[in-house]
Amino acid sequence: MDTQFAQLIVNGIAVGSIIALAAVGLTLTYGILRLSNFAHGDFLTLGAYLTWLINTIGVNIWLSMILAAAGTVAAMLLSEKLLWSKMRSIRATSTTLIIISIGLALFLRNGIIFIWGGRNQNYNLPVTQALDILGLKIPQNQLLVLGLAVLAILALHYLLQNTKIGKAMRAVADDLDLARVSGINVDRVIFWTWVIAGTLTSLGGSMYGLITAVRPNMGWFLILPLFASVILGGIGNPYGAIAAAFIIGIVQEISTPWLGSQYKQGVALLIMILVLLIRPKGLFKGTI
């Protein structure tokens with residue numbers, strides 16, 4: 001295998017693992033709350049900026065990531081209280097929800113630029129040498145990103161399959177009204193959905209900051225691959241979203257020698273369109 005091609009696959013796996021974490025959060029909010037949240041990418045950016053902010057005052061990067069995740073979850077819960085719960089109570093249409101989420105995305109992005117400026121930022125980390133593995137130069141940060149993503153995905157799998165709240169989330173995703181009649185505390189499920197989505201999305205943002213710079217529009221450029229992963233993997237299916245994210249991450253990176261890096265977004269969109277034409281429900285069965 002050509003070394004450059006193998007290197008692009010490695011890069012694609014690292015990017016795919018970040019898309020996977022954020023896509024899981026997006027697919028959970030859709031599967032359980034029926035919300036296509038276009039502000040999701042900007043919550044990812046918020047997670048990266050909070051990590052950078054905490055890290056620059058001298059806090060260890062891993063602790064910074066945990067504290068940033070808590071901050072991102074708090075911001076998501078605030079948006080739930082001020083916006084989404086009110087919209088559900090008046091049974092707002094999906095179009096209304098999409099328009100509000102785009103407005104929230106713009107508010108978050110411009111808020112970040114207003115507070116921290118528009119220039120690129122970097123974590124306060126020592127420069128580490130890339131590892132030479134089978135002739136490939138792999139930055140240590142890429143390996144860390146992949147390892148963290150795998151751990152987060154395994155934790156999510158355990159939570160969805162073996163815990164009481166995980167089973168309740170699956171029940172609400174299947175049929176909200178039936179779940180409510182069955183005695184499931186839907187408000188508690190909604191709370192935990194935001195906690196899980198916020199944590200995974202913030203981690204994705206923090207990890208994206210490890211392999212690139214932290215910048216205000218980083219989440220906006222990921223929103224198309226995120227939605228492509230959710231649709232490709234079957235809407236509401238977290239495992240499908242993870243598999244699709246790796247497919248999109250790898251295909252995006254492999255396409256760069258031919259198309260250039262500026263057309264990566266177009267590749268994600270093309271994959272999404274082709275899948276919708278062939279399999280309108282995605283590659284995998286939808287809903288949790």
# chains A, B, ... in the order shown; residues from 1 in each chain; ligands from 1

call {"tool": "residues_around", "arguments": {"residues": "Ile133 (chain A)", "least_positions_apart": "6", "cutoff": "12 Å", "atoms": "only C-alpha atoms", "output": "list of chain:residue names"}}
result
A:Thr3, A:Ala6, A:Gln7, A:Val10, A:Pro139, A:Gln140, A:Leu143

call {"tool": "residues_around", "arguments": {"residues": "Ile66 (chain A)", "least_positions_apart": "4", "cutoff": "12 Å", "atoms": "only C-alpha atoms", "output": "PyMOL selection string"}}
result
chain A and resi 47-48+50-52+54-55+59-62+70-73+198-207

call {"tool": "write_last_selection", "arguments": {"atoms": "C-alpha atoms", "output": "PDB file, in the first residue's frame"}}
result
ATOM      1  CA  GLY A  47     -16.220  22.483  24.399  1.00  0.00           C
ATOM      2  CA  ALA A  48     -12.898  23.103  22.633  1.00  0.00           C
ATOM      3  CA  LEU A  50     -13.602  25.885  27.392  1.00  0.00           C
ATOM      4  CA  THR A  51     -10.860  23.210  27.330  1.00  0.00           C
ATOM      5  CA  TRP A  52      -8.390  25.778  25.948  1.00  0.00           C
ATOM      6  CA  ILE A  54      -9.078  26.063  31.501  1.00  0.00           C
ATOM      7  CA  ASN A  55      -5.832  24.597  30.127  1.00  0.00           C
ATOM      8  CA  VAL A  59      -4.879  23.031  34.548  1.00  0.00           C
ATOM      9  CA  ASN A  60      -3.893  19.592  33.230  1.00  0.00           C
ATOM     10  CA  ILE A  61      -5.339  18.937  29.715  1.00  0.00           C
ATOM     11  CA  TRP A  62      -7.345  15.855  30.802  1.00  0.00           C
ATOM     12  CA  ALA A  70     -19.393  19.885  32.431  1.00  0.00           C
ATOM     13  CA  GLY A  71     -19.568  23.476  31.104  1.00  0.00           C
ATOM     14  CA  THR A  72     -20.883  22.333  27.707  1.00  0.00           C
ATOM     15  CA  VAL A  73     -23.522  20.126  29.368  1.00  0.00           C
ATOM     16  CA  GLY A 198     -23.071  17.370  25.776  1.00  0.00           C
ATOM     17  CA  THR A 199     -20.284  15.227  27.238  1.00  0.00           C
ATOM     18  CA  LEU A 200     -19.538  13.376  23.993  1.00  0.00           C
ATOM     19  CA  THR A 201     -19.788  16.534  21.857  1.00  0.00           C
ATOM     20  CA  SER A 202     -17.498  18.503  24.181  1.00  0.00           C
ATOM     21  CA  LEU A 203     -14.971  15.632  24.186  1.00  0.00           C
ATOM     22  CA  GLY A 204     -15.111  15.608  20.380  1.00  0.00           C
ATOM     23  CA  GLY A 205     -14.367  19.351  20.331  1.00  0.00           C
ATOM     24  CA  SER A 206     -11.538  19.030  22.874  1.00  0.00           C
ATOM     25  CA  MET A 207      -9.982  16.209  20.862  1.00  0.00           C
TER      26      MET A 207
END

call {"tool": "closest_residue", "arguments": {"among": "A:Ala14, A:Leu97, A:Met76, A:Ala173", "to": "Val195 (chain A)", "atoms": "only C-alpha atoms"}}
result
A:Met76

call {"tool": "residues_around", "arguments": {"residues": "Ser85 (chain A)", "least_positions_apart": "6", "cutoff": "12 Å", "atoms": "only C-alpha atoms", "output": "MDAnalysis selection string"}}
result
chainID A and resid 33 35 76:79 91:92 97 186:187 190:191

call {"tool": "closest_residue", "arguments": {"among": "A:Tyr263, A:Tyr123, A:Trp84, A:Phe38", "to": "Arg215 (chain A)", "atoms": "only C-alpha atoms"}}
result
A:Tyr123

call {"tool": "closest_residue", "arguments": {"among": "A:Gln252, A:Asn122, A:Gln4, A:Asn162", "to": "Gly266 (chain A)", "atoms": "only C-alpha atoms"}}
result
A:Gln252

call {"tool": "residues_around", "arguments": {"residues": "region 226-238 of chain A", "least_positions_apart": "4", "cutoff": "9 Å", "atoms": "only C-alpha atoms", "output": "count of residues only"}}
result
44

call {"tool": "closest_residue", "arguments": {"among": "A:Leu125, A:Leu46, A:Leu156, A:Leu82", "to": "Asn110 (chain A)", "atoms": "only C-alpha atoms"}}
result
A:Leu46

call {"tool": "atom_distance", "arguments": {"atom1": "CA of Pro126 (chain A)", "atom2": "CA of Ala68 (chain A)"}}
result
20.3 Å

call {"tool": "select_by_dssp", "arguments": {"residues": "region 85-287 of chain A", "states": "strand (DSSP E or B)", "output": "MDAnalysis selection string"}}
result
chainID A and resid 121 131:133 136:138 214

call {"tool": "atom_distance", "arguments": {"atom1": "CA of Leu178 (chain A)", "atom2": "CA of Lys81 (chain A)"}}
result
23.6 Å

call {"tool": "closest_residue", "arguments": {"among": "A:Tyr208, A:Asp2, A:Thr95, A:Ile9", "to": "Ala149 (chain A)", "atoms": "only C-alpha atoms"}}
result
A:Tyr208

call {"tool": "select_by_dssp", "arguments": {"residues": "region 7-204 of chain A", "states": "alpha helix (DSSP H)", "output": "number ranges by chain"}}
result
A: 7-33, 40-56, 61-79, 85-89, 94-116, 140-162, 164-174, 176-181, 186-204

call {"tool": "atom_distance", "arguments": {"atom1": "CA of Gly240 (chain A)", "atom2": "CA of Leu151 (chain A)"}}
result
17.2 Å
